[in-house]
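Peer 1: File query_18.cif below, mmCIF, C-alpha atoms:
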data_start
#
loop_
_atom_site.label_atom_id
_atom_site.label_comp_id
_atom_site.auth_asym_id
_atom_site.auth_seq_id
_atom_site.Cartn_x
_atom_site.Cartn_y
_atom_site.Cartn_z
CA MET F 1 18.94 -7.87 -6.62
CA ASN F 2 19.45 -9.31 -3.19
CA LEU F 3 16.62 -11.63 -2.23
CA SER F 4 16.62 -10.56 1.40
CA HIS F 5 15.49 -7.04 0.41
CA LEU F 6 12.37 -8.39 -1.26
CA PRO F 7 9.94 -7.57 1.61
CA ASP F 8 10.98 -3.91 1.33
CA GLN F 9 10.11 -3.52 -2.35
CA PRO F 10 6.69 -1.99 -3.07
CA ALA F 11 6.60 -3.61 -6.54
CA VAL F 12 6.21 -7.09 -5.03
CA TYR F 13 3.09 -6.10 -3.09
CA LEU F 14 1.67 -4.12 -6.01
CA MET F 15 2.13 -7.04 -8.41
CA LEU F 16 0.53 -9.40 -5.91
CA ALA F 17 -2.45 -7.04 -5.61
CA ALA F 18 -2.67 -6.93 -9.42
CA PHE F 19 -2.65 -10.72 -9.49
CA LEU F 20 -5.45 -10.88 -6.91
CA LEU F 21 -7.52 -8.39 -8.94
CA ALA F 22 -6.95 -10.36 -12.16
CA ALA F 23 -7.84 -13.62 -10.43
CA GLY F 24 -11.00 -12.07 -9.02
CA ILE F 25 -12.10 -10.77 -12.41
CA PHE F 26 -11.35 -14.15 -14.02
CA GLY F 27 -13.48 -15.82 -11.35
CA LEU F 28 -16.29 -13.31 -11.81
CA ILE F 29 -16.42 -14.10 -15.52
CA ARG F 30 -15.98 -17.87 -15.29
CA ARG F 31 -17.97 -18.88 -12.20
CA ARG F 32 -21.41 -20.29 -12.82
CA THR F 33 -22.87 -20.04 -9.32
CA PHE F 34 -23.56 -16.95 -7.26
CA ILE F 35 -21.47 -18.06 -4.29
CA GLY F 36 -18.45 -18.55 -6.54
CA MET F 37 -18.93 -15.06 -7.93
CA LEU F 38 -19.19 -13.72 -4.36
CA ILE F 39 -15.87 -15.35 -3.45
CA SER F 40 -14.25 -13.76 -6.50
CA GLY F 41 -15.61 -10.39 -5.39
CA GLU F 42 -13.97 -10.92 -2.01
CA LEU F 43 -10.64 -11.46 -3.79
CA ILE F 44 -11.09 -8.07 -5.50
CA PHE F 45 -11.76 -6.42 -2.12
CA ALA F 46 -8.59 -8.06 -0.78
CA ALA F 47 -6.61 -6.68 -3.72
CA ALA F 48 -7.88 -3.17 -2.98
CA GLY F 49 -6.91 -3.51 0.68
CA LEU F 50 -3.42 -4.75 -0.16
CA ASN F 51 -2.92 -1.83 -2.54
CA PHE F 52 -3.96 0.66 0.11
CA MET F 53 -1.62 -0.89 2.67
CA THR F 54 1.30 -0.84 0.20
CA ALA F 55 0.76 2.84 -0.54
CA ASN F 56 0.43 3.42 3.19
CA ARG F 57 3.70 1.71 4.02
CA PHE F 58 5.91 3.02 1.22
CA MET F 59 4.43 6.27 -0.08
CA ALA F 60 2.24 7.99 2.50
CA PRO F 61 3.54 10.27 5.23
CA ASP F 62 0.97 9.18 7.82
CA PRO F 63 1.01 5.40 8.46
CA ALA F 64 -2.32 5.43 10.32
CA VAL F 65 -4.55 6.57 7.42
CA GLY F 66 -4.11 3.50 5.24
CA GLN F 67 -4.81 1.15 8.13
CA ILE F 68 -8.07 2.99 8.88
CA VAL F 69 -9.10 2.87 5.21
CA VAL F 70 -8.39 -0.87 5.02
CA LEU F 71 -10.43 -1.35 8.20
CA PHE F 72 -13.34 0.43 6.50
CA ILE F 73 -12.89 -1.74 3.40
CA MET F 74 -13.10 -4.87 5.57
CA GLY F 75 -16.30 -3.60 7.18
CA LEU F 76 -17.84 -2.88 3.79
CA ALA F 77 -16.83 -6.33 2.54
CA ALA F 78 -18.47 -7.96 5.55
CA ALA F 79 -21.70 -5.99 4.98
CA GLU F 80 -21.62 -6.92 1.29
CA VAL F 81 -21.23 -10.62 2.11
CA ALA F 82 -24.18 -10.54 4.53
CA ILE F 83 -26.49 -8.87 2.00
CA ALA F 84 -25.35 -11.00 -0.94
CA LEU F 85 -25.75 -14.26 0.98
CA SER F 86 -29.26 -13.39 2.09
CA ILE F 87 -30.16 -12.53 -1.52
CA ILE F 88 -28.66 -15.86 -2.61
CA LEU F 89 -30.73 -17.72 0.00
CA ALA F 90 -33.90 -15.93 -1.10
CA VAL F 91 -33.17 -16.78 -4.73
CA TYR F 92 -32.50 -20.41 -3.82
CA ARG F 93 -35.82 -20.65 -1.96
CA ASN F 94 -37.74 -19.34 -4.95
CA TYR F 95 -35.91 -21.03 -7.83
CA ARG F 96 -34.26 -24.09 -6.22
CA SER F 97 -31.06 -23.10 -7.97
CA ILE F 98 -28.25 -20.58 -7.68
CA HIS F 99 -26.78 -21.16 -11.14
CA SER F 100 -26.47 -17.94 -13.03
CA LYS F 101 -27.58 -19.56 -16.32
CA GLU F 102 -30.99 -20.61 -15.00
CA LEU F 103 -32.08 -17.28 -13.54
CA SER F 104 -32.92 -15.68 -16.84
CA GLU F 105 -36.47 -14.37 -16.50
CA LEU F 106 -35.36 -10.83 -17.23
CA ASN F 107 -33.36 -12.04 -20.23
CA GLY F 108 -35.07 -10.51 -23.26
CA MET I 109 24.16 -7.87 20.48
CA SER I 110 24.67 -9.84 17.31
CA PRO I 111 21.60 -10.69 15.22
CA PHE I 112 20.40 -14.22 14.79
CA PRO I 113 22.50 -15.96 12.12
CA LEU I 114 20.96 -15.97 8.64
CA SER I 115 18.02 -13.98 9.96
CA SER I 116 17.64 -11.97 6.75
CA TYR I 117 17.35 -15.17 4.70
CA LEU I 118 14.87 -16.53 7.22
CA VAL I 119 12.76 -13.40 6.80
CA ALA I 120 12.97 -13.72 3.01
CA ALA I 121 11.91 -17.37 3.22
CA ILE I 122 8.92 -16.51 5.40
CA PHE I 123 8.00 -13.73 2.99
CA GLY I 124 8.16 -16.11 0.05
CA PHE I 125 6.01 -18.61 1.92
CA VAL I 126 3.41 -15.92 2.68
CA VAL I 127 3.30 -14.79 -0.96
CA ALA I 128 2.99 -18.40 -2.14
CA THR I 129 0.15 -18.96 0.34
CA THR I 130 -1.74 -15.96 -1.01
CA VAL I 131 -1.27 -16.95 -4.65
CA ALA I 132 -2.17 -20.60 -4.03
CA GLY I 133 -5.23 -19.64 -1.99
CA SER I 134 -6.55 -17.32 -4.68
CA LEU I 135 -5.94 -19.93 -7.39
CA ILE I 136 -7.83 -22.56 -5.37
CA ALA I 137 -10.61 -20.05 -4.75
CA ILE I 138 -11.23 -19.38 -8.44
CA LEU I 139 -10.41 -22.74 -10.04
CA SER I 140 -11.85 -25.51 -7.87
CA GLN I 141 -15.11 -27.14 -8.89
CA ARG I 142 -16.59 -27.63 -5.43
CA ILE I 143 -17.61 -24.42 -3.72
CA ILE I 144 -16.55 -25.55 -0.25
CA ARG I 145 -12.97 -25.96 -1.51
CA SER I 146 -13.16 -22.53 -3.00
CA VAL I 147 -14.19 -21.11 0.39
CA ALA I 148 -11.19 -22.90 1.92
CA GLY I 149 -9.03 -21.28 -0.76
CA LEU I 150 -10.41 -17.88 0.24
CA ALA I 151 -9.50 -18.63 3.87
CA LEU I 152 -5.95 -19.63 2.82
CA CYS I 153 -5.64 -16.45 0.77
CA SER I 154 -6.77 -14.38 3.76
CA LEU I 155 -4.17 -16.06 5.94
CA GLY I 156 -1.47 -15.13 3.42
CA LEU I 157 -2.81 -11.59 3.27
CA ALA I 158 -2.60 -11.37 7.07
CA GLY I 159 1.09 -12.29 6.81
CA LEU I 160 1.57 -9.64 4.14
CA TYR I 161 -0.06 -7.02 6.37
CA TYR I 162 2.36 -8.07 9.09
CA PHE I 163 5.25 -7.46 6.70
CA LEU I 164 3.72 -4.06 5.90
CA ASN I 165 4.19 -2.96 9.53
CA SER I 166 0.61 -3.49 10.65
CA PRO I 167 0.08 -6.40 13.06
CA PHE I 168 -3.28 -4.87 14.01
CA LEU I 169 -4.60 -5.26 10.48
CA ALA I 170 -3.17 -8.78 10.28
CA LEU I 171 -5.26 -9.74 13.31
CA MET I 172 -8.32 -7.97 11.88
CA GLU I 173 -7.89 -9.79 8.55
CA ILE I 174 -7.91 -13.16 10.29
CA LEU I 175 -10.78 -12.16 12.57
CA ILE I 176 -13.06 -10.67 9.91
CA TYR I 177 -12.25 -12.66 6.78
CA ILE I 178 -11.63 -16.13 8.17
CA GLY I 179 -13.76 -15.81 11.28
CA ALA I 180 -16.76 -13.99 9.85
CA VAL I 181 -16.83 -13.93 6.05
CA CYS I 182 -15.70 -17.50 5.37
CA VAL I 183 -17.93 -18.94 8.08
CA THR I 184 -20.92 -17.02 6.71
CA ILE I 185 -20.22 -18.25 3.18
CA ILE I 186 -19.94 -21.81 4.52
CA PHE I 187 -23.40 -21.41 6.05
CA GLY I 188 -24.64 -20.17 2.69
CA VAL I 189 -23.13 -23.22 0.98
CA MET I 190 -24.79 -25.52 3.51
CA LEU I 191 -28.19 -23.92 2.90
CA SER I 192 -27.98 -24.04 -0.90
CA GLU I 193 -26.00 -26.01 -3.47
CA THR I 194 -22.47 -27.23 -3.21
CA ASP I 195 -21.21 -27.81 -6.73
CA GLU I 196 -20.51 -25.88 -9.85
CA PRO I 197 -22.81 -27.16 -12.61
CA LYS I 198 -21.30 -28.95 -15.56
CA PRO I 199 -20.95 -26.70 -18.60
CA GLN I 200 -24.01 -27.18 -20.76
CA GLY I 201 -23.13 -25.48 -24.02
CA LYS I 202 -20.89 -26.80 -26.74
CA PRO I 203 -17.34 -27.50 -25.54
CA GLY I 204 -15.82 -25.28 -28.20
CA ARG I 205 -17.92 -22.35 -27.11
CA GLU I 206 -16.99 -22.92 -23.45
CA ARG I 207 -13.34 -22.95 -24.41
CA TRP I 208 -13.79 -19.66 -26.23
CA TRP I 209 -15.32 -18.06 -23.16
CA ALA I 210 -12.52 -19.39 -20.96
CA ALA I 211 -9.95 -18.00 -23.39
CA ILE I 212 -11.67 -14.60 -23.41
CA ALA I 213 -11.80 -14.52 -19.58
CA ALA I 214 -8.13 -15.50 -19.34
CA LEU I 215 -7.23 -12.86 -21.91
CA VAL I 216 -9.06 -10.12 -20.01
CA SER I 217 -7.48 -11.01 -16.67
CA VAL I 218 -3.98 -11.41 -18.13
CA ALA I 219 -4.32 -8.01 -19.81
CA ILE I 220 -5.35 -6.41 -16.52
CA PHE I 221 -2.49 -8.10 -14.69
CA TRP I 222 0.04 -7.13 -17.36
CA GLY I 223 -0.99 -3.49 -17.36
CA LEU I 224 -0.99 -3.14 -13.59
CA ALA I 225 2.27 -5.05 -13.17
CA ARG I 226 3.93 -2.82 -15.78
CA THR I 227 2.72 0.26 -13.94
CA SER I 228 3.90 -1.05 -10.60
CA LEU I 229 7.33 -2.02 -11.93
CA TYR I 230 8.14 1.06 -14.02
CA GLY I 231 5.89 3.74 -12.53
CA ALA I 232 7.49 6.73 -10.84
CA TRP I 233 6.31 6.06 -7.32
CA PRO I 234 6.88 8.81 -4.76
CA VAL I 235 9.12 8.03 -1.83
CA ALA I 236 7.67 8.57 1.62
CA GLY I 237 9.08 11.38 3.66
CA ILE I 238 9.53 11.28 7.37
CA PRO I 239 6.45 9.68 8.98
CA VAL I 240 4.39 12.15 10.99
CA THR I 241 2.91 9.49 13.28
CA ASP I 242 4.08 6.06 14.35
CA GLY I 243 1.05 4.18 13.00
CA SER I 244 0.48 2.28 16.23
CA VAL I 245 -2.85 1.00 17.47
CA GLN I 246 -3.09 3.98 19.80
CA THR I 247 -2.70 6.39 16.89
CA ILE I 248 -5.35 4.52 14.92
CA GLY I 249 -7.75 4.69 17.83
CA VAL I 250 -7.21 8.40 18.37
CA SER I 251 -7.70 9.11 14.65
CA LEU I 252 -10.85 7.00 14.56
CA LEU I 253 -12.35 9.09 17.35
CA THR I 254 -11.19 12.50 16.11
CA THR I 255 -10.40 12.90 12.40
CA TYR I 256 -12.36 9.92 11.11
CA SER I 257 -15.25 9.92 13.56
CA LEU I 258 -17.87 10.58 10.85
CA PRO I 259 -16.83 7.63 8.60
CA PHE I 260 -16.55 5.50 11.72
CA GLU I 261 -20.16 6.24 12.67
CA LEU I 262 -21.28 5.85 9.07
CA ILE I 263 -19.75 2.40 8.76
CA SER I 264 -21.51 1.30 11.92
CA LEU I 265 -24.76 2.56 10.35
CA VAL I 266 -23.97 0.63 7.15
CA LEU I 267 -23.37 -2.55 9.15
CA LEU I 268 -26.63 -2.08 11.06
CA VAL I 269 -28.62 -1.56 7.85
CA ALA I 270 -26.86 -4.56 6.29
CA ILE I 271 -27.81 -6.78 9.23
CA LEU I 272 -31.44 -5.63 9.13
CA GLY I 273 -31.59 -6.01 5.34
CA ALA I 274 -30.08 -9.48 5.48
CA LEU I 275 -32.60 -10.55 8.12
CA THR I 276 -35.51 -9.16 6.09
CA LEU I 277 -34.35 -10.72 2.83
CA ALA I 278 -33.56 -14.14 4.23
CA ARG I 279 -36.78 -14.29 6.26
CA GLY I 280 -39.19 -14.07 3.34
CA GLY I 281 -40.63 -17.31 2.00
CA ARG I 282 -39.79 -19.36 5.05
CA SER I 283 -43.34 -20.69 5.38
CA LYS I 284 -43.24 -22.18 1.87
CA PRO I 285 -42.24 -25.85 1.61
#
How does the structure come out when it is put into structure tokens?
Peer 2:
Amino acid sequence: MNLSHLPDQPAVYLMLAAFLLAAGIFGLIRRRTFIGMLISGELIFAAAGLNFMTANRFMAPDPAVGQIVVLFIMGLAAAEVAIALSIILAVYRNYRSIHSKELSELNG
Amino acid sequence: MSPFPLSSYLVAAIFGFVVATTVAGSLIAILSQRIIRSVAGLALCSLGLAGLYYFLNSPFLALMEILIYIGAVCVTIIFGVMLSETDEPKPQGKPGRERWWAAIAALVSVAIFWGLARTSLYGAWPVAGIPVTDGSVQTIGVSLLTTYSLPFELISLVLLVAILGALTLARGGRSKP
């Protein structure tokens, strides 16, 4: 396979999106603070956006739809970050900690 | 007019650099111990993703990725880091148990990656027909105001509610020491 055709292969983008999703899930499981988990969630959003854009470029007949969907995904990610950070700040004010191990009052 | 010499290899090299930036950024984002470095990794990953969007024929989304992710999301997370803690805590349990959990997490993510990569390599993906629009910024704008006007208004409502909710949540408890 000629290397110079690599940017025109959908498999490259799809595998990169799969890698981003796997990295995000690994981070969600392994991170011990809420901000780290939030960053991993952002990676998952980015994977979804990359997948949409790949399908838009290589498989969809209308190239405008995927761009609009990815724009909506970015808006939702920004709203999610704002809400999650304010929750994190409220938790930090009350508990003096954002470690997921120490916030276990609802743990039976 | 003859093309620039070796231009295809130059494009391939830039593409490889962009992919490497994305992968390195995501690895820094999930593996570093200090949260501020992990935010920097997220910014690097977003920069690589902007390059990938450029390769996917959408310079508009590349600009939006830089503007929203690096300019808004990363800066907001940095403010959150400044107002709370900056480090991952040391693992408290037994080291063997921690290693088990790390192995389980790696297993889960490798399984997800393997399944999706297999699908993307060997799946029967449809080939696009003739594009019905050109996908330019003008087309996007017209579609946002005609076909997708309801989601467009709804997302502005979502952002408004998110801003109000964030203000309300972060305001409580300010008078406490």
Peer 1: When the PyMOL selection byres ((chain I) within 6 of (chain F)) is applied to the structure above, which residues does it catch, written out as a PyMOL selection string?
Peer 2: chain I and resi 116-117+120+138+213+217+221+224-225+228-229+234-237+239-241+243+248+267+270+274+277-278
Peer 1: Can you work out the spacing between CA of Gly149 (chain I) and CA of Ile178 (chain I) in Å, to one decimal?
Peer 2: 10.6 Å
Peer 1: So what does the PyMOL selection byres ((chain I and resi 144) around 8) actually pick up in this one, as a PyMOL selection string?
Peer 2: chain I and resi 142-143+145-148+186+189+194
Peer 1: Convert the current residue selection to file output with C-alpha atoms, as a PDB file, keeping the file's coordinate frame.
Peer 2:
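Heads up, here's the output in out.pdb:
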ATOM      1  CA  ARG I 142     -16.590 -27.630  -5.430  1.00  0.00           C
ATOM      2  CA  ILE I 143     -17.610 -24.420  -3.720  1.00  0.00           C
ATOM      3  CA  ARG I 145     -12.970 -25.960  -1.510  1.00  0.00           C
ATOM      4  CA  SER I 146     -13.160 -22.530  -3.000  1.00  0.00           C
ATOM      5  CA  VAL I 147     -14.190 -21.110   0.390  1.00  0.00           C
ATOM      6  CA  ALA I 148     -11.190 -22.900   1.920  1.00  0.00           C
ATOM      7  CA  ILE I 186     -19.940 -21.810   4.520  1.00  0.00           C
ATOM      8  CA  VAL I 189     -23.130 -23.220   0.980  1.00  0.00           C
ATOM      9  CA  THR I 194     -22.470 -27.230  -3.210  1.00  0.00           C
TER      10      THR I 194
END
Peer 1: Between CA of Leu155 (chain I) and CA of Ala180 (chain I), what distance in Å does the model show, to one decimal?
Peer 2: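 Those two atoms sit 13.3 Å apart.
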Peer 1: Run the PyMOL selection byres ((chain I and resi 132) around 12) on the file and write out the hits as a PDB file with C-alpha atoms, in the coordinates of the input.
Peer 2:
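Result file is expr.pdb:
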ATOM      1  CA  LEU F  16       0.530  -9.400  -5.910  1.00  0.00           C
ATOM      2  CA  PHE F  19      -2.650 -10.720  -9.490  1.00  0.00           C
ATOM      3  CA  LEU F  20      -5.450 -10.880  -6.910  1.00  0.00           C
ATOM      4  CA  ALA F  23      -7.840 -13.620 -10.430  1.00  0.00           C
TER       5      ALA F  23
ATOM      6  CA  GLY I 124       8.160 -16.110   0.050  1.00  0.00           C
ATOM      7  CA  PHE I 125       6.010 -18.610   1.920  1.00  0.00           C
ATOM      8  CA  VAL I 126       3.410 -15.920   2.680  1.00  0.00           C
ATOM      9  CA  VAL I 127       3.300 -14.790  -0.960  1.00  0.00           C
ATOM     10  CA  ALA I 128       2.990 -18.400  -2.140  1.00  0.00           C
ATOM     11  CA  THR I 129       0.150 -18.960   0.340  1.00  0.00           C
ATOM     12  CA  THR I 130      -1.740 -15.960  -1.010  1.00  0.00           C
ATOM     13  CA  VAL I 131      -1.270 -16.950  -4.650  1.00  0.00           C
ATOM     14  CA  GLY I 133      -5.230 -19.640  -1.990  1.00  0.00           C
ATOM     15  CA  SER I 134      -6.550 -17.320  -4.680  1.00  0.00           C
ATOM     16  CA  LEU I 135      -5.940 -19.930  -7.390  1.00  0.00           C
ATOM     17  CA  ILE I 136      -7.830 -22.560  -5.370  1.00  0.00           C
ATOM     18  CA  ALA I 137     -10.610 -20.050  -4.750  1.00  0.00           C
ATOM     19  CA  ILE I 138     -11.230 -19.380  -8.440  1.00  0.00           C
ATOM     20  CA  LEU I 139     -10.410 -22.740 -10.040  1.00  0.00           C
ATOM     21  CA  SER I 140     -11.850 -25.510  -7.870  1.00  0.00           C
ATOM     22  CA  SER I 146     -13.160 -22.530  -3.000  1.00  0.00           C
ATOM     23  CA  ALA I 148     -11.190 -22.900   1.920  1.00  0.00           C
ATOM     24  CA  GLY I 149      -9.030 -21.280  -0.760  1.00  0.00           C
ATOM     25  CA  LEU I 150     -10.410 -17.880   0.240  1.00  0.00           C
ATOM     26  CA  ALA I 151      -9.500 -18.630   3.870  1.00  0.00           C
ATOM     27  CA  LEU I 152      -5.950 -19.630   2.820  1.00  0.00           C
ATOM     28  CA  CYS I 153      -5.640 -16.450   0.770  1.00  0.00           C
ATOM     29  CA  SER I 154      -6.770 -14.380   3.760  1.00  0.00           C
ATOM     30  CA  LEU I 155      -4.170 -16.060   5.940  1.00  0.00           C
ATOM     31  CA  GLY I 156      -1.470 -15.130   3.420  1.00  0.00           C
ATOM     32  CA  LEU I 157      -2.810 -11.590   3.270  1.00  0.00           C
TER      33      LEU I 157
END
Peer 1: Rounded to one decimal place, report the CA of Leu191 (chain I)-CA of Leu275 (chain I) distance in Å.
Peer 2: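 Interatomic distance, CA of Leu191 (chain I) to CA of Leu275 (chain I): 15.0 Å.
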Peer 1: Please output region 194-225 of chain I, rebuilt to include N, CA and C atoms, as a PDB file, in the frame of the given file.
Peer 2:
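That gives us rebuild30.pdb:
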ATOM      1  N   THR I 194     -23.878 -27.103  -3.531  1.00  0.00           N
ATOM      2  CA  THR I 194     -22.470 -27.230  -3.210  1.00  0.00           C
ATOM      3  C   THR I 194     -21.565 -27.394  -4.415  1.00  0.00           C
ATOM      4  N   ASP I 195     -22.084 -27.542  -5.594  1.00  0.00           N
ATOM      5  CA  ASP I 195     -21.210 -27.810  -6.730  1.00  0.00           C
ATOM      6  C   ASP I 195     -21.437 -26.813  -7.847  1.00  0.00           C
ATOM      7  N   GLU I 196     -20.361 -26.583  -8.587  1.00  0.00           N
ATOM      8  CA  GLU I 196     -20.510 -25.880  -9.850  1.00  0.00           C
ATOM      9  C   GLU I 196     -21.233 -26.814 -10.822  1.00  0.00           C
ATOM     10  N   PRO I 197     -22.162 -26.293 -11.635  1.00  0.00           N
ATOM     11  CA  PRO I 197     -22.810 -27.160 -12.610  1.00  0.00           C
ATOM     12  C   PRO I 197     -21.843 -27.486 -13.746  1.00  0.00           C
ATOM     13  N   LYS I 198     -22.106 -28.599 -14.382  1.00  0.00           N
ATOM     14  CA  LYS I 198     -21.300 -28.950 -15.560  1.00  0.00           C
ATOM     15  C   LYS I 198     -21.625 -27.957 -16.676  1.00  0.00           C
ATOM     16  N   PRO I 199     -20.650 -27.603 -17.477  1.00  0.00           N
ATOM     17  CA  PRO I 199     -20.950 -26.700 -18.600  1.00  0.00           C
ATOM     18  C   PRO I 199     -21.904 -27.353 -19.576  1.00  0.00           C
ATOM     19  N   GLN I 200     -22.956 -26.589 -19.939  1.00  0.00           N
ATOM     20  CA  GLN I 200     -24.010 -27.180 -20.760  1.00  0.00           C
ATOM     21  C   GLN I 200     -23.846 -26.922 -22.241  1.00  0.00           C
ATOM     22  N   GLY I 201     -23.243 -25.811 -22.603  1.00  0.00           N
ATOM     23  CA  GLY I 201     -23.130 -25.480 -24.020  1.00  0.00           C
ATOM     24  C   GLY I 201     -22.144 -26.387 -24.734  1.00  0.00           C
ATOM     25  N   LYS I 202     -21.875 -26.032 -25.996  1.00  0.00           N
ATOM     26  CA  LYS I 202     -20.890 -26.800 -26.740  1.00  0.00           C
ATOM     27  C   LYS I 202     -19.512 -26.599 -26.128  1.00  0.00           C
ATOM     28  N   PRO I 203     -18.654 -27.645 -26.155  1.00  0.00           N
ATOM     29  CA  PRO I 203     -17.340 -27.500 -25.540  1.00  0.00           C
ATOM     30  C   PRO I 203     -16.490 -26.431 -26.210  1.00  0.00           C
ATOM     31  N   GLY I 204     -16.618 -26.285 -27.510  1.00  0.00           N
ATOM     32  CA  GLY I 204     -15.820 -25.280 -28.200  1.00  0.00           C
ATOM     33  C   GLY I 204     -16.160 -23.888 -27.729  1.00  0.00           C
ATOM     34  N   ARG I 205     -17.476 -23.665 -27.569  1.00  0.00           N
ATOM     35  CA  ARG I 205     -17.920 -22.350 -27.110  1.00  0.00           C
ATOM     36  C   ARG I 205     -17.431 -22.061 -25.699  1.00  0.00           C
ATOM     37  N   GLU I 206     -17.500 -23.089 -24.809  1.00  0.00           N
ATOM     38  CA  GLU I 206     -16.990 -22.920 -23.450  1.00  0.00           C
ATOM     39  C   GLU I 206     -15.518 -22.548 -23.467  1.00  0.00           C
ATOM     40  N   ARG I 207     -14.774 -23.224 -24.355  1.00  0.00           N
ATOM     41  CA  ARG I 207     -13.340 -22.950 -24.410  1.00  0.00           C
ATOM     42  C   ARG I 207     -13.089 -21.510 -24.862  1.00  0.00           C
ATOM     43  N   TRP I 208     -13.939 -21.049 -25.806  1.00  0.00           N
ATOM     44  CA  TRP I 208     -13.790 -19.660 -26.230  1.00  0.00           C
ATOM     45  C   TRP I 208     -14.002 -18.716 -25.072  1.00  0.00           C
ATOM     46  N   TRP I 209     -15.057 -18.963 -24.284  1.00  0.00           N
ATOM     47  CA  TRP I 209     -15.320 -18.060 -23.160  1.00  0.00           C
ATOM     48  C   TRP I 209     -14.187 -18.095 -22.159  1.00  0.00           C
ATOM     49  N   ALA I 210     -13.644 -19.300 -21.893  1.00  0.00           N
ATOM     50  CA  ALA I 210     -12.520 -19.390 -20.960  1.00  0.00           C
ATOM     51  C   ALA I 210     -11.327 -18.614 -21.487  1.00  0.00           C
ATOM     52  N   ALA I 211     -11.084 -18.718 -22.812  1.00  0.00           N
ATOM     53  CA  ALA I 211      -9.950 -18.000 -23.390  1.00  0.00           C
ATOM     54  C   ALA I 211     -10.150 -16.498 -23.273  1.00  0.00           C
ATOM     55  N   ILE I 212     -11.409 -16.041 -23.500  1.00  0.00           N
ATOM     56  CA  ILE I 212     -11.670 -14.600 -23.410  1.00  0.00           C
ATOM     57  C   ILE I 212     -11.459 -14.117 -21.974  1.00  0.00           C
ATOM     58  N   ALA I 213     -11.963 -14.908 -20.980  1.00  0.00           N
ATOM     59  CA  ALA I 213     -11.800 -14.520 -19.580  1.00  0.00           C
ATOM     60  C   ALA I 213     -10.321 -14.468 -19.209  1.00  0.00           C
ATOM     61  N   ALA I 214      -9.555 -15.494 -19.653  1.00  0.00           N
ATOM     62  CA  ALA I 214      -8.130 -15.500 -19.340  1.00  0.00           C
ATOM     63  C   ALA I 214      -7.437 -14.317 -19.984  1.00  0.00           C
ATOM     64  N   LEU I 215      -7.841 -13.982 -21.212  1.00  0.00           N
ATOM     65  CA  LEU I 215      -7.230 -12.860 -21.910  1.00  0.00           C
ATOM     66  C   LEU I 215      -7.473 -11.550 -21.164  1.00  0.00           C
ATOM     67  N   VAL I 216      -8.715 -11.348 -20.736  1.00  0.00           N
ATOM     68  CA  VAL I 216      -9.060 -10.120 -20.010  1.00  0.00           C
ATOM     69  C   VAL I 216      -8.234 -10.006 -18.731  1.00  0.00           C
ATOM     70  N   SER I 217      -8.176 -11.114 -17.956  1.00  0.00           N
ATOM     71  CA  SER I 217      -7.480 -11.010 -16.670  1.00  0.00           C
ATOM     72  C   SER I 217      -5.972 -10.869 -16.878  1.00  0.00           C
ATOM     73  N   VAL I 218      -5.420 -11.562 -17.899  1.00  0.00           N
ATOM     74  CA  VAL I 218      -3.980 -11.410 -18.130  1.00  0.00           C
ATOM     75  C   VAL I 218      -3.663  -9.996 -18.582  1.00  0.00           C
ATOM     76  N   ALA I 219      -4.553  -9.389 -19.392  1.00  0.00           N
ATOM     77  CA  ALA I 219      -4.320  -8.010 -19.810  1.00  0.00           C
ATOM     78  C   ALA I 219      -4.335  -7.068 -18.619  1.00  0.00           C
ATOM     79  N   ILE I 220      -5.293  -7.264 -17.720  1.00  0.00           N
ATOM     80  CA  ILE I 220      -5.350  -6.410 -16.520  1.00  0.00           C
ATOM     81  C   ILE I 220      -4.085  -6.577 -15.694  1.00  0.00           C
ATOM     82  N   PHE I 221      -3.679  -7.855 -15.490  1.00  0.00           N
ATOM     83  CA  PHE I 221      -2.490  -8.100 -14.690  1.00  0.00           C
ATOM     84  C   PHE I 221      -1.260  -7.503 -15.340  1.00  0.00           C
ATOM     85  N   TRP I 222      -1.144  -7.641 -16.669  1.00  0.00           N
ATOM     86  CA  TRP I 222       0.040  -7.130 -17.360  1.00  0.00           C
ATOM     87  C   TRP I 222       0.120  -5.619 -17.239  1.00  0.00           C
ATOM     88  N   GLY I 223      -1.008  -4.945 -17.443  1.00  0.00           N
ATOM     89  CA  GLY I 223      -0.990  -3.490 -17.360  1.00  0.00           C
ATOM     90  C   GLY I 223      -0.631  -3.001 -15.969  1.00  0.00           C
ATOM     91  N   LEU I 224      -1.253  -3.597 -14.959  1.00  0.00           N
ATOM     92  CA  LEU I 224      -0.990  -3.140 -13.590  1.00  0.00           C
ATOM     93  C   LEU I 224       0.429  -3.481 -13.158  1.00  0.00           C
ATOM     94  N   ALA I 225       0.923  -4.665 -13.568  1.00  0.00           N
ATOM     95  CA  ALA I 225       2.270  -5.050 -13.170  1.00  0.00           C
ATOM     96  C   ALA I 225       3.295  -4.131 -13.825  1.00  0.00           C
TER      97      ALA I 225
END
